[in-house]
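The structure file entry07.cif is reproduced below (mmCIF, C-alpha atoms).
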```cif
data_protein
loop_
_atom_site.label_atom_id
_atom_site.label_comp_id
_atom_site.auth_asym_id
_atom_site.auth_seq_id
_atom_site.Cartn_x
_atom_site.Cartn_y
_atom_site.Cartn_z
CA MET E 23 91.23 128.58 66.42
CA LYS E 24 88.28 130.80 67.29
CA LEU E 25 84.66 129.71 66.89
CA SER E 26 84.30 131.99 63.88
CA THR E 27 87.37 130.42 62.23
CA LEU E 28 85.99 126.94 62.95
CA ALA E 29 82.73 127.93 61.25
CA GLU E 30 84.58 129.40 58.29
CA THR E 31 86.92 126.39 57.88
CA THR E 32 84.04 123.93 57.85
CA GLY E 33 81.65 126.15 55.89
CA VAL E 34 79.02 125.72 58.60
CA PRO E 35 77.13 128.77 60.01
CA ILE E 36 78.22 129.91 63.49
CA ALA E 37 74.69 129.33 64.82
CA THR E 38 74.87 125.69 63.69
CA VAL E 39 78.25 125.16 65.36
CA LYS E 40 76.79 126.59 68.59
CA TYR E 41 73.81 124.23 68.23
CA TYR E 42 76.19 121.24 67.90
CA LEU E 43 77.99 122.41 71.07
CA ARG E 44 74.72 122.78 73.01
CA GLN E 45 73.58 119.31 71.90
CA GLY E 46 76.87 117.80 73.00
CA LEU E 47 77.60 116.56 69.46
CA LEU E 48 80.74 118.68 69.44
CA PRO E 49 83.05 118.67 72.50
CA ALA E 50 83.60 122.07 74.13
CA GLY E 51 86.71 124.00 73.15
CA ARG E 52 89.61 124.67 75.53
CA LEU E 53 88.62 127.76 77.53
CA LEU E 54 90.99 130.71 76.98
CA SER E 55 88.92 133.19 78.96
CA ARG E 56 85.39 133.42 80.30
CA THR E 57 84.12 134.30 76.85
CA GLN E 58 86.54 132.67 74.44
CA ALA E 59 87.39 129.05 73.70
CA ASP E 60 90.02 127.49 71.45
CA TYR E 61 89.08 124.84 68.85
CA ASP E 62 91.39 122.52 66.95
CA ASP E 63 91.47 120.03 64.07
CA THR E 64 89.50 117.41 66.02
CA HIS E 65 86.59 119.88 66.04
CA VAL E 66 86.91 120.42 62.29
CA GLU E 67 86.91 116.67 61.71
CA ARG E 68 83.92 116.17 64.00
CA ILE E 69 81.85 118.82 62.21
CA ARG E 70 82.69 117.25 58.82
CA LEU E 71 81.56 113.92 60.25
CA ILE E 72 78.23 115.35 61.44
CA ARG E 73 77.68 117.04 58.06
CA ALA E 74 78.37 113.78 56.22
CA LEU E 75 75.89 111.91 58.41
CA THR E 76 73.15 114.53 58.09
CA GLY E 77 73.89 115.22 54.42
CA VAL E 78 74.32 112.16 52.20
CA GLY E 79 73.67 109.89 55.19
CA GLU E 80 70.28 111.62 55.61
CA LEU E 81 70.26 110.91 59.34
CA ASP E 82 68.19 113.00 61.72
CA MET E 83 69.79 114.60 64.79
CA ALA E 84 68.63 111.90 67.23
CA THR E 85 70.24 109.20 65.08
CA VAL E 86 73.44 111.23 64.66
CA GLN E 87 73.60 111.47 68.44
CA ARG E 88 73.33 107.67 68.81
CA VAL E 89 75.87 107.03 66.06
CA LEU E 90 78.39 109.43 67.63
CA ALA E 91 77.89 107.71 71.00
CA VAL E 92 79.08 104.44 69.41
CA VAL E 93 81.97 106.21 67.67
CA ASP E 94 83.04 107.73 71.01
CA ASP E 95 82.70 104.56 73.06
CA PRO E 96 83.15 101.45 70.93
CA GLY E 97 83.25 98.02 72.52
CA ASP E 98 85.97 95.40 71.87
CA ASP E 99 84.21 92.67 69.97
CA ARG E 100 83.69 93.11 66.22
CA LEU E 101 80.24 91.54 66.18
CA GLU E 102 79.11 93.61 69.16
CA LEU E 103 80.52 96.67 67.46
CA LEU E 104 78.56 95.97 64.32
CA ARG E 105 75.40 95.38 66.28
CA ALA E 106 75.82 98.64 68.20
CA ALA E 107 76.43 100.44 64.93
CA HIS E 108 73.29 98.98 63.35
CA GLU E 109 71.23 99.72 66.44
CA SER E 110 72.39 103.32 66.57
CA LEU E 111 71.11 103.71 63.01
CA GLN E 112 67.66 102.47 64.00
CA ALA E 113 64.94 104.63 65.50
CA PRO E 114 64.29 103.26 68.99
CA ASP E 115 61.35 100.83 69.16
CA PRO E 116 58.50 102.72 70.87
CA GLU E 117 57.28 99.50 72.52
CA PRO E 118 60.24 97.18 72.87
CA ARG E 119 59.19 93.55 73.29
CA LYS E 120 60.92 91.52 75.97
CA ARG E 121 63.03 88.48 75.18
CA GLY E 122 61.11 85.27 75.67
CA ASP E 123 57.82 86.82 74.63
CA GLU E 124 57.86 85.03 71.30
CA GLN E 125 55.81 82.08 72.59
CA ASP E 126 52.91 84.49 73.03
CA ASP E 127 53.49 86.04 69.64
CA THR E 128 51.66 85.02 66.54
CA THR E 129 53.59 83.05 63.92
CA PRO E 130 57.08 84.30 63.11
CA SER E 131 57.32 86.79 60.27
CA ARG E 132 58.09 85.74 56.71
CA ALA E 133 61.56 87.31 56.89
CA ARG E 134 62.32 85.51 60.19
CA VAL E 135 61.39 82.13 58.73
CA TRP E 136 63.45 82.85 55.63
CA ALA E 137 66.53 84.04 57.57
CA GLY E 138 66.29 81.04 59.87
CA ALA E 139 66.16 78.61 56.95
CA ARG E 140 69.18 80.37 55.49
CA GLY E 141 71.14 79.96 58.72
CA TRP E 142 71.57 83.68 59.27
CA HIS E 143 71.79 84.90 62.82
CA VAL E 144 68.69 86.81 63.96
CA ASP E 145 68.06 88.59 67.24
CA ASP E 146 64.79 88.74 69.08
CA PRO E 147 63.51 91.38 68.62
CA ASP E 148 65.50 92.29 65.53
CA PRO E 149 64.93 95.78 64.10
CA VAL E 150 66.88 95.01 60.90
CA LEU E 151 64.68 91.98 60.29
CA ASP E 152 61.63 94.18 60.89
CA ASP E 153 62.95 96.53 58.20
CA LEU E 154 63.30 93.58 55.84
CA ASP E 155 59.74 92.48 56.61
CA ARG E 156 58.35 95.95 55.87
CA ALA E 157 60.35 96.32 52.66
CA TRP E 158 59.38 92.83 51.48
CA ALA E 159 55.69 93.47 52.22
CA ALA E 160 55.86 96.72 50.24
CA CYS E 161 57.18 94.79 47.23
CA SER E 162 54.33 92.30 47.47
CA GLU E 163 51.74 95.08 47.80
CA ALA E 164 53.13 96.84 44.75
CA GLY E 165 53.19 93.63 42.72
CA VAL E 166 56.99 93.45 42.52
CA HIS E 167 57.84 89.78 42.24
CA LEU E 168 60.20 88.64 45.05
CA ASP E 169 59.93 85.11 46.39
CA GLU E 170 62.16 83.26 48.86
CA ALA E 171 64.41 81.83 46.12
CA GLU E 172 64.99 85.28 44.64
CA LEU E 173 65.69 86.75 48.03
CA ASP E 174 68.24 83.97 48.57
CA ALA E 175 69.93 84.78 45.26
CA ARG E 176 70.19 88.42 46.30
CA ALA E 177 71.38 87.48 49.79
CA ASP E 178 74.17 85.37 48.24
CA VAL E 179 75.35 88.45 46.37
CA MET E 180 75.05 90.62 49.49
CA GLU E 181 77.22 88.17 51.45
CA GLN E 182 80.01 88.94 49.00
CA MET E 183 79.41 92.67 49.51
CA ALA E 184 79.46 92.19 53.28
CA ARG E 185 82.76 90.32 53.03
CA ILE E 186 84.27 93.40 51.35
CA ASP E 187 82.65 95.58 54.05
CA ILE E 188 84.16 93.51 56.86
CA GLU E 189 87.58 93.15 55.24
CA SER E 190 87.84 96.91 54.86
CA VAL E 191 87.41 97.40 58.63
CA PRO E 192 90.77 98.36 60.21
CA GLU E 193 92.16 96.58 63.30
CA GLU E 194 92.37 99.64 65.55
CA PRO E 195 89.04 99.83 67.49
CA THR E 196 88.22 103.54 67.07
CA ALA E 197 89.07 103.50 63.37
CA ALA E 198 87.11 100.24 63.10
CA VAL E 199 83.89 101.62 64.56
CA ARG E 200 84.21 104.71 62.42
CA GLN E 201 84.48 102.59 59.30
CA VAL E 202 81.64 100.29 60.37
CA VAL E 203 79.16 102.99 61.39
CA LEU E 204 79.99 105.48 58.69
CA GLY E 205 80.63 102.83 56.06
CA THR E 206 77.22 101.35 56.75
CA VAL E 207 75.42 104.67 56.34
CA LEU E 208 77.56 106.38 53.75
CA LEU E 209 78.09 103.39 51.46
CA ASP E 210 74.32 102.81 51.09
CA PRO E 211 73.96 105.73 48.64
CA VAL E 212 77.15 104.61 46.84
CA LEU E 213 75.69 101.12 46.38
CA VAL E 214 72.31 102.47 45.26
CA ALA E 215 74.07 104.49 42.52
CA LEU E 216 76.27 101.50 41.59
CA ARG E 217 73.18 99.31 41.25
CA ARG E 218 71.56 101.77 38.82
CA LEU E 219 74.74 102.02 36.74
CA ALA E 220 75.23 98.24 36.81
CA GLN E 221 71.61 97.70 35.70
CA ARG E 222 72.19 99.99 32.77
CA HIS E 223 75.40 98.14 31.93
CA GLN E 224 73.71 94.73 32.04
CA ALA E 225 70.65 95.95 30.10
CA GLY E 226 73.02 97.43 27.48
CA LYS E 227 74.76 94.06 27.10
CA LEU E 228 71.36 92.38 26.66
CA THR E 229 70.26 94.88 24.01
CA GLU E 230 73.53 94.46 22.09
CA SER E 231 73.36 90.66 22.16
CA SER E 232 69.74 90.69 20.91
CA ASP E 233 70.56 93.02 17.96
CA MET J 292 32.46 100.37 43.77
CA LYS J 293 31.77 103.78 45.28
CA LEU J 294 34.51 106.22 46.28
CA SER J 295 33.85 105.45 49.94
CA THR J 296 34.25 101.70 49.29
CA LEU J 297 37.47 102.36 47.37
CA ALA J 298 38.79 104.32 50.35
CA GLU J 299 37.75 101.58 52.76
CA THR J 300 39.21 98.76 50.65
CA THR J 301 42.60 100.45 50.38
CA GLY J 302 42.63 101.87 53.90
CA VAL J 303 43.29 105.34 52.51
CA PRO J 304 41.23 108.36 53.71
CA ILE J 305 38.58 109.64 51.25
CA ALA J 306 40.26 113.06 51.19
CA THR J 307 43.51 111.42 50.04
CA VAL J 308 41.75 109.47 47.29
CA LYS J 309 40.19 112.73 46.09
CA TYR J 310 43.63 114.34 46.15
CA TYR J 311 45.03 111.53 43.97
CA LEU J 312 42.14 112.07 41.53
CA ARG J 313 42.73 115.84 41.40
CA GLN J 314 46.46 115.33 40.80
CA GLY J 315 45.74 112.89 37.98
CA LEU J 316 47.63 110.10 39.78
CA LEU J 317 44.42 108.07 39.80
CA PRO J 318 42.28 107.86 36.64
CA ALA J 319 38.71 109.11 36.99
CA GLY J 320 36.01 106.53 37.68
CA ARG J 321 33.27 105.65 35.18
CA LEU J 322 30.52 108.26 35.62
CA LEU J 323 27.20 106.77 36.79
CA SER J 324 25.48 110.12 37.33
CA ARG J 325 26.51 113.75 37.66
CA THR J 326 27.60 113.13 41.23
CA GLN J 327 28.61 109.48 41.36
CA ALA J 328 31.40 107.51 39.71
CA ASP J 329 32.19 103.81 39.70
CA TYR J 330 35.68 102.53 40.62
CA ASP J 331 37.13 99.07 40.04
CA ASP J 332 40.10 96.86 40.90
CA THR J 333 42.47 98.86 38.69
CA HIS J 334 41.84 101.82 41.02
CA VAL J 335 42.54 99.68 44.08
CA GLU J 336 45.79 98.45 42.54
CA ARG J 337 46.81 101.96 41.54
CA ILE J 338 46.26 103.31 45.06
CA ARG J 339 48.30 100.44 46.55
CA LEU J 340 51.03 101.30 44.08
CA ILE J 341 51.05 104.98 45.08
CA ARG J 342 51.13 104.01 48.77
CA ALA J 343 54.06 101.66 48.21
CA LEU J 344 56.01 104.37 46.39
CA THR J 345 55.32 107.05 49.00
CA GLY J 346 55.70 104.64 51.93
CA VAL J 347 58.72 102.35 51.83
CA GLY J 348 59.82 103.93 48.55
CA GLU J 349 59.90 107.30 50.37
CA LEU J 350 59.18 109.16 47.13
CA ASP J 351 57.67 112.64 47.11
CA MET J 352 54.53 113.36 45.08
CA ALA J 353 56.41 114.97 42.18
CA THR J 354 58.59 111.86 41.81
CA VAL J 355 55.56 109.54 42.09
CA GLN J 356 53.98 111.54 39.27
CA ARG J 357 57.05 111.02 37.04
CA VAL J 358 57.29 107.32 37.91
CA LEU J 359 53.62 106.73 37.10
CA ALA J 360 54.06 108.54 33.78
CA VAL J 361 56.69 105.93 32.82
CA VAL J 362 54.49 103.09 34.08
CA ASP J 363 51.59 104.41 31.97
CA ASP J 364 53.59 105.03 28.83
CA PRO J 365 56.62 102.76 28.61
CA GLY J 366 58.77 102.67 25.48
CA ASP J 367 59.78 99.51 23.63
CA ASP J 368 63.49 99.19 24.23
CA ARG J 369 64.67 97.69 27.53
CA LEU J 370 67.62 100.05 27.91
CA GLU J 371 65.45 103.08 27.17
CA LEU J 372 62.89 101.78 29.64
CA LEU J 373 65.50 101.47 32.33
CA ARG J 374 66.82 104.93 31.62
CA ALA J 375 63.32 106.44 31.76
CA ALA J 376 62.71 104.62 35.04
CA HIS J 377 65.96 105.92 36.54
CA GLU J 378 65.29 109.44 35.29
CA SER J 379 61.79 109.45 36.74
CA LEU J 380 63.34 108.68 40.13
CA GLN J 381 65.65 111.68 39.89
CA ALA J 382 64.71 115.22 40.84
CA PRO J 383 64.92 117.27 37.65
CA ASP J 384 68.21 119.12 37.24
CA PRO J 385 67.47 122.82 37.92
CA GLU J 386 70.07 123.87 35.32
CA PRO J 387 70.41 121.10 32.77
CA ARG J 388 73.64 121.30 30.79
CA LYS J 389 73.49 120.87 27.06
CA ARG J 390 75.16 118.00 25.27
CA GLY J 391 78.48 119.05 23.78
CA ASP J 392 79.22 121.49 26.57
CA GLU J 393 81.79 119.23 28.15
CA GLN J 394 84.69 120.88 26.29
CA ASP J 395 83.96 124.03 28.29
CA ASP J 396 83.66 122.06 31.52
CA THR J 397 86.44 121.59 33.98
CA THR J 398 88.01 118.14 34.29
CA PRO J 399 85.58 115.18 34.41
CA SER J 400 84.48 114.07 37.86
CA ARG J 401 86.21 111.25 39.74
CA ALA J 402 83.19 108.95 39.23
CA ARG J 403 83.12 109.70 35.49
CA VAL J 404 86.81 108.83 35.08
CA TRP J 405 86.33 105.66 37.13
CA ALA J 406 83.20 104.53 35.22
CA GLY J 407 84.91 105.25 31.91
CA ALA J 408 87.95 103.16 32.87
CA ARG J 409 85.59 100.37 33.88
CA GLY J 410 83.86 100.45 30.50
CA TRP J 411 80.47 101.33 31.97
CA HIS J 412 78.14 103.37 29.83
CA VAL J 413 77.71 106.95 31.07
CA ASP J 414 75.44 109.66 29.75
CA ASP J 415 76.26 113.34 29.57
CA PRO J 416 74.93 114.76 31.79
CA ASP J 417 74.30 111.71 33.96
CA PRO J 418 72.27 112.24 37.15
CA VAL J 419 73.06 108.75 38.50
CA LEU J 420 76.76 109.44 38.07
CA ASP J 421 76.27 112.77 39.86
CA ASP J 422 74.69 110.82 42.74
CA LEU J 423 77.71 108.53 42.84
CA ASP J 424 80.04 111.53 42.87
CA ARG J 425 78.21 113.11 45.81
CA ALA J 426 78.06 109.84 47.77
CA TRP J 427 81.73 109.11 47.11
CA ALA J 428 82.75 112.65 48.16
CA ALA J 429 80.75 112.23 51.39
CA CYS J 430 82.72 109.06 52.18
CA SER J 431 86.01 110.87 51.63
CA GLU J 432 84.91 113.81 53.78
CA ALA J 433 83.90 111.49 56.61
CA GLY J 434 87.17 109.54 56.40
CA VAL J 435 85.53 106.33 55.11
CA HIS J 436 88.16 104.59 53.03
CA LEU J 437 86.95 103.94 49.46
CA ASP J 438 89.44 104.02 46.61
CA GLU J 439 89.00 103.12 42.94
CA ALA J 440 90.01 99.47 43.47
CA GLU J 441 87.47 99.05 46.29
CA LEU J 442 84.76 100.69 44.24
CA ASP J 443 85.59 98.25 41.43
CA ALA J 444 85.27 95.29 43.80
CA ARG J 445 81.85 96.53 44.91
CA ALA J 446 80.81 97.27 41.32
CA ASP J 447 81.72 93.65 40.39
CA VAL J 448 79.31 92.44 43.07
CA MET J 449 76.63 94.91 41.98
CA GLU J 450 76.88 93.64 38.39
CA GLN J 451 75.76 90.25 39.71
CA MET J 452 72.87 91.93 41.54
CA ALA J 453 71.91 93.83 38.40
CA ARG J 454 71.92 90.59 36.42
CA ILE J 455 69.30 89.23 38.84
CA ASP J 456 67.39 92.52 38.53
CA ILE J 457 67.34 92.33 34.74
CA GLU J 458 66.56 88.61 34.59
CA SER J 459 63.52 89.11 36.83
CA VAL J 460 62.03 91.61 34.35
CA PRO J 461 59.10 90.02 32.49
CA GLU J 462 58.81 90.15 28.68
CA GLU J 463 55.45 91.94 28.54
CA PRO J 464 56.22 95.72 28.32
CA THR J 465 53.78 97.06 30.93
CA ALA J 466 54.69 94.38 33.45
CA ALA J 467 58.35 95.01 32.58
CA VAL J 468 58.28 98.71 33.33
CA ARG J 469 56.39 98.05 36.54
CA GLN J 470 59.06 95.61 37.68
CA VAL J 471 61.91 97.91 36.61
CA VAL J 472 60.58 101.13 38.12
CA LEU J 473 59.11 99.62 41.25
CA GLY J 474 61.86 97.04 41.63
CA THR J 475 64.44 99.78 41.48
CA VAL J 476 62.78 101.83 44.22
CA LEU J 477 61.27 99.12 46.39
CA LEU J 478 64.22 96.72 46.32
CA ASP J 479 66.64 99.39 47.60
CA PRO J 480 65.31 99.06 51.20
CA VAL J 481 65.32 95.25 50.85
CA LEU J 482 68.97 95.32 49.81
CA VAL J 483 69.92 97.75 52.58
CA ALA J 484 68.41 95.35 55.15
CA LEU J 485 70.07 92.34 53.49
CA ARG J 486 73.45 94.09 53.62
CA ARG J 487 73.12 94.67 57.39
CA LEU J 488 72.10 91.04 58.00
CA ALA J 489 74.87 89.77 55.73
CA GLN J 490 77.44 91.93 57.54
CA ARG J 491 76.36 90.43 60.82
CA HIS J 492 76.59 86.93 59.34
CA GLN J 493 80.10 87.52 58.00
CA ALA J 494 81.27 89.21 61.22
CA GLY J 495 79.88 86.26 63.19
CA LYS J 496 81.86 83.84 61.04
CA LEU J 497 85.01 85.92 61.66
CA THR J 498 84.45 85.98 65.43
CA GLU J 499 83.90 82.20 65.52
CA SER J 500 87.00 81.44 63.45
CA SER J 501 89.18 83.65 65.68
CA ASP J 502 87.97 81.97 68.90
#
```
Kindly present the structure from the file in structure tokens form.
Amino acid sequence: MKLSTLAETTGVPIATVKYYLRQGLLPAGRLLSRTQADYDDTHVERIRLIRALTGVGELDMATVQRVLAVVDDPGDDRLELLRAAHESLQAPDPEPRKRGDEQDDTTPSRARVWAGARGWHVDDPDPVLDDLDRAWAACSEAGVHLDEAELDARADVMEQMARIDIESVPEEPTAAVRQVVLGTVLLDPVLVALRRLAQRHQAGKLTESSD
Amino acid sequence: MKLSTLAETTGVPIATVKYYLRQGLLPAGRLLSRTQADYDDTHVERIRLIRALTGVGELDMATVQRVLAVVDDPGDDRLELLRAAHESLQAPDPEPRKRGDEQDDTTPSRARVWAGARGWHVDDPDPVLDDLDRAWAACSEAGVHLDEAELDARADVMEQMARIDIESVPEEPTAAVRQVVLGTVLLDPVLVALRRLAQRHQAGKLTESSD
């Protein structure tokens, strides 16, 4: 199909499609002449993917670029795959610390101590753990009660969620990375909405039982 | 304390504190003279609260304003409280539909049918359900597999999380609304980080067991 048809099919402005091409997010079409290229269903699918990531996924262009790099070149190992997926979702650390520097560091963060006690694997440095530290500190600052025992209770529940996440990952590597990367980003808003609805459900049960 | 001390204590620029005062987010200080007011710990706490909501909570000023309105004037009923908290987190619907209009509507959304079959309470209109619809549609568009049965499995897990959420809400109304509103916003990033760590943990267990 022509570029204009590709734009029409996906509902994305022609200028945006050209921008994706320039940024290398979208592979070039098959050249028909010096001025015309042919696009196919893989281009349609790719554009839908980018729109999903920038839309509900709320990712910026730099992150989309990193995520697509993992989708295009996944490794073999499931754990490595997951780590690459998570890393692609993270803004790069402006001052990455080197491994082995931790002796010179101050005491380990609250989240690191907690995760260690729990027996969860942590990297060093670990951007996801840094996120947890920031989010936890924000709760404390705002006076939202969340101690280690409560975090453990929530982590127990999240392990069940993660089991569903992992079990839904297909065997075939490309499909697997797609599900891992996109499932990680796109399921977050699903889970946020589910939590709100579930809260309402549980609060409703409480109100009924206290009537 | 003076305005400058308040700014220093909270680490927020004086201009920002003045902006909060102008917007009514921060109550006025006790007037000492025509040009000087006295601020106390409640002001410090309030500023920390606003910073938490705009920082990790990533809320815009209009949403912060709605959230603080619920914090300042909570109702009595827990379910109502929760609903007010959720609504304050939602951007107002530009064209709110009236109750009773659903006969004229097209078929109910996929999320509404699913939630109904599950026995979850849904409002009409229901902004949280609309969020779920959008997030679910984004998964489908991006080719992330998520059918009704899988959503049910995840909702089962989220009901457990919601039970923890509700149980951690204190009895005293003002403290309760604080925990509900802030817990809803500020725990989302905690749970997102926990899910990533839990995924890694579960994937690690899989890799070990297949070795």
Counting all atoms listed in the file, what is within 12 Å of Leu488 (chain J), bar same-chain residues fewer than 5 positions away, as a ChimeraX atom specification? /E:101,104-105,108,133-134,137-138,140-145,148-154,177-178,180-181,183-185,206 /J:481-483,493-495
Counting only C-alpha atoms, which residues sit no farther than 10 Å from the position (50.3, 94.3, 45.9) in the file's frame? I'd like them as an MDAnalysis selection string. (chainID E and resid 159:167) or (chainID J and resid 335:340 343)
May I have the residues at most 6 Å from (69.8, 104.0, 48.8) in the file's coordinates, counting all atoms listed in the file, as an NGL selection string? (:E and (210-211 or 214)) or (:J and (479))
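Here CA of Ala157 (chain E) is placed at a distance of 27.7 Å from CA of Asp443 (chain J).
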Applying 12 Å and all atoms listed in the file, which residues near Thr57 (chain E) remain after dropping the ones on its own chain fewer than 6 positions away? List them as a list in words.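 After dropping sequence-adjacent residues, the list is Lys24, Leu25 and Gly51 of chain E.
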Selection to disk with C-alpha atoms, as an mmCIF file, in the coordinates of the input:
```cif
data_model
loop_
_atom_site.group_PDB
_atom_site.id
_atom_site.type_symbol
_atom_site.label_atom_id
_atom_site.label_comp_id
_atom_site.auth_asym_id
_atom_site.auth_seq_id
_atom_site.Cartn_x
_atom_site.Cartn_y
_atom_site.Cartn_z
ATOM 1 C CA LYS E 24 88.280 130.800 67.290
ATOM 2 C CA LEU E 25 84.660 129.710 66.890
ATOM 3 C CA GLY E 51 86.710 124.000 73.150
#
```
Would you mind listing what lies within 10 Å of Lys309 (chain J) as a short mmCIF file (atom, residue, chain, number, x, y, z; two decimals) with C-alpha atoms, keeping the file's coordinate frame, with only C-alpha atoms counted and same-chain residues fewer than 4 positions away left out?
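Once everything was written out, this is around.cif:
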```cif
data_model
loop_
_atom_site.label_atom_id
_atom_site.label_comp_id
_atom_site.auth_asym_id
_atom_site.auth_seq_id
_atom_site.Cartn_x
_atom_site.Cartn_y
_atom_site.Cartn_z
CA LEU J 294 34.51 106.22 46.28
CA ALA J 298 38.79 104.32 50.35
CA PRO J 304 41.23 108.36 53.71
CA ILE J 305 38.58 109.64 51.25
CA ARG J 313 42.73 115.84 41.40
CA GLN J 314 46.46 115.33 40.80
CA GLY J 315 45.74 112.89 37.98
CA LEU J 317 44.42 108.07 39.80
CA ALA J 319 38.71 109.11 36.99
#
```
I'd like the contact shell of Val471 (chain J) - 9 Å cut-off, all atoms listed in the file, skipping same-chain residues fewer than 3 positions apart - returned as a ChimeraX atom specification. /E:166 /J:372-373,376-377,456-457,459-460,466-468,474-476
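Rounded to one decimal, CA of Gly79 (chain E) and CA of Leu208 (chain E) lie 5.4 Å from each other.
Of the residues listed (E:Ala215, E:Ala37, E:Leu75, E:Ala59), E:Ala215 shows the shortest atom-to-atom separation from Leu380 (chain J); distances use all atoms listed in the file.
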Let me know the centre plus edge lengths, in Å and rounded to one decimal, of a box with edges along x, y and z that contains all listed atoms of region 413-424 of chain J and is padded by 8 Å on every side, as AutoDock Vina command-line options.
```
--center_x 76.2 --center_y 110.9 --center_z 36.2 --size_x 23.8 --size_y 23.8 --size_z 29.3
```
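For the atom pair formed by CA of Ala353 (chain J) and CA of Ile72 (chain E), the distance is 29.1 Å, given to one decimal.
Proximity of J:Pro318, J:Thr301, J:Arg487, J:Trp405 to Glu441 (chain J), computed with only C-alpha atoms, is greatest for J:Trp405.
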How would you write, as a list of chain:residue names, the residues chosen by the PyMOL selection byres ((chain J and resi 361) around 9) on this structure? J:Gln356, J:Arg357, J:Val358, J:Leu359, J:Ala360, J:Val362, J:Asp363, J:Asp364, J:Pro365, J:Gly366, J:Leu372, J:Ala375, J:Ala376, J:Ser379, J:Val468, J:Arg469, J:Val472
Of the listed residues J:Leu485, J:Arg445, J:Ile455, J:Met292, that which approaches Leu322 (chain J) most closely, counting all atoms listed in the file: J:Met292
Using only C-alpha atoms, find the one residue out of E:Arg132, E:Arg73, E:Ala139, E:Ser26 that sits nearest to chain J. E:Arg73
